[in-house]
Structure formats: C-alpha cells, structure tokens
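Beneath this line is the structure, given in structure tokens, with notes to follow.
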Amino acid sequence: MEEKILIVEDEEKLARFVELELVHEGYRVDKAMDGRDGLAMAEEGDYDLLLLDVMLPGMSGMELLRRLRRAKQTPVIMVTARDAVMDKVTGLDMGADDYITKPFEIEELLARIRAALRKRSAATAGEGPLVSGRLSLDPDRHIVRYGGEEIALTSREFDLLQALMENRSIVLRREQLLSKVWGYDYMGETNVVDVYIRYLRAKIDEKFGVKFIHTVRGVGYVFRDAEA
C-alpha cells in the first residue's frame, strides 16, 4: 500500500518540485497552499505524514500543528526558511517529529521522511509497555505514568524516554540518542540532547524524588531502575 503524504506549502514551485520527487519515490501526494486548507485536509484525510511549512497564509504552520495535535498524531516534518533555534524547539515541543530548513537537498528530505515513517511503523506495531518500578511507558497509547499519575510529555520527550528505557543499563552517547530520536541525518547541535534530558528530569526524577536518568560524564546518559 502506497504511503500518503500531505504537503502544506504556499511556494507553488517548491511544492510542485517536492510533489514530483515524492511521486517518483512511490508516495501518494496531496497539496494545500494555505494553513486553513491544510488543517482541514489533515484532519479529514488519512495521511501517513505531513510536510508543513511554518510561514503560511491563513494560518501559520505552528497553529496548524497545535490544532492537529488535539485529534491526530500524524507524523509532521516542519519546513522553514528560518534557522533560529527557538523555531525548531517550539515546533518540536508542539509535537513536530522533525524539521528541515530551506533551502534543502531533496535527498535529505527523503531521508527524513523515511526515518519518520519507520518510527511511525514501529510505534503502531504493538511493542507493549515499558516498565521500571512505578514508571511505565506505553508506546501504543503514547502515555507515560508514574504510579497512577499521567505525565505530560512532548513527542520528542516521549521518544527520548522510550529510547533510554529500551536500552536500560546501557550507556548511550549523545550521538546515539540523536540518531535514535532525532534521526541519523540530524545536523544540529548535540547539546539538544542535554536540553531534553533536563526536561525529562524535571518532569520525572525531580518531581517524584527518584533517579532514573544518570549522566556518565564525558560519554552520555543511561537509564537505570530507581531504587525503592
């Protein structure tokens, strides 16, 4: 079955170019030229992935993403001409799965699409919950709980915690976590891992007075079962 992608992009020449490349790669493609149409199509259609420009007429890409995440967890790759760190962090915190900055090489975009679709397939394959003491992570339902309390995590925080829990007691280098969570072709700074580790610690370790995530100085991070 062909995977279906929605391009939400107001630059007509760019949208057409990407559409032709994706069709050549075997994807089914629809296009929307403004944010409002894009949101309607994304909510009503059964898409495997969205390519979403940040700067759109009618409704910004960020607002579209915010509204979409109320109902759907369709993978989203943000496309932006701006290279500011805060744009990237904001998009990821709002539930984007990845981002790419204009101008980009089509090979890079295709690689990011393949990585996002692989993660989606793995998430829907039914992996079962990961449990460590009172902490549980359910990949199928995308829910994390400590005891009976649900912990609100962004998509990126969830993916990072899942990668750590799947490799418990194994020290993971920052580069390994970047590859597992952000994609093997991520070209940004490795300190983004440290930033998201701090987010996780604040929401889990510090909030509940436990210690799951450990720093291995000069190497990376490791998840270990917390002592009772």
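Letters A, B, ... go to the chains of the structure tokens in the order shown; residues in each chain start at 1; ligands are counted from 1 in the same order.
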(request) Please provide as JSON, numbers by chain all residues within 12 Å of Asn167 in chain A, with the sequence filter that same-chain residues fewer than 2 positions apart are discarded (counting only C-alpha atoms). (result) {"A": [130, 132, 160, 161, 162, 163, 164, 165, 169, 170, 171, 172, 173, 176, 177, 180, 213, 221, 222, 223, 224, 225]}
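Those residues that approach range 60-76 of chain A to within 9 Å, counting only C-alpha atoms, are A:Val8, A:Asp34, A:Gly35, A:Arg36, A:Gly38, A:Leu39, A:Ala42, A:Glu43, A:Asp46, A:Tyr47, A:Asp48, A:Leu49, A:Leu50, A:Leu51, A:Leu52, A:Asp53, A:Val54, A:Thr90, A:Gly91, A:Met94, A:Gly95, A:Ala96, A:Asp97, A:Asp98, A:Tyr99, A:Ala116, A:Leu117, A:Lys119, A:Arg120; same-chain residues fewer than 6 positions away are not listed.
Every residue of range 146-214 of chain A found in strand (DSSP E or B) when DSSP is run on the backbone appears here: Tyr146, Glu149, Glu150, Ile151, Leu172, Arg173, Ile213 and His214 of chain A.
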(request) Output as a ChimeraX atom specification all residues of range 41-228 of chain A that backbone DSSP marks as helix (DSSP H, G or I). (result) /A:41-44,61-68,85-93,106-123,155-166,174-182,191-208
(request) Could you check how far CA of Glu9 in chain A sits from CA of Thr80 in chain A, in Å to one decimal? (result)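 Spanning CA of Glu9 in chain A to CA of Thr80 in chain A is a straight-line distance of 10.0 Å.
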(request) Could you tell me how far CA of Ala40 in chain A lies from CA of Ile100 in chain A, in Å and to one decimal? (result)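 So the two atoms, CA of Ala40 in chain A and CA of Ile100 in chain A, lie 23.2 Å apart.
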(request) Identify which of the residues A:Lys207, A:Arg145, A:Arg198, A:Lys31 lies closest to Ala15 in chain A, counting only C-alpha atoms when measuring atom-to-atom distances. (result) A:Lys31
(message) Under the rule that only C-alpha atoms are counted, which of A:Phe17, A:Tyr27, A:Phe104, A:Tyr199 is the nearest residue to Phe158 in chain A?
(response) A:Tyr199
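If you look at CA of Leu56 in chain A and CA of Met33 in chain A, they are 7.8 Å away from each other.
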(message) Env of Leu153 in chain A: 9 Å cut, atoms = only C-alpha atoms, seq-sep filter 5 positions within chain, self excluded. Answer as a list in words.
(response)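 Those residues are Asp93, Ile143, Val144, Phe158, Leu200 and Lys203 of chain A.
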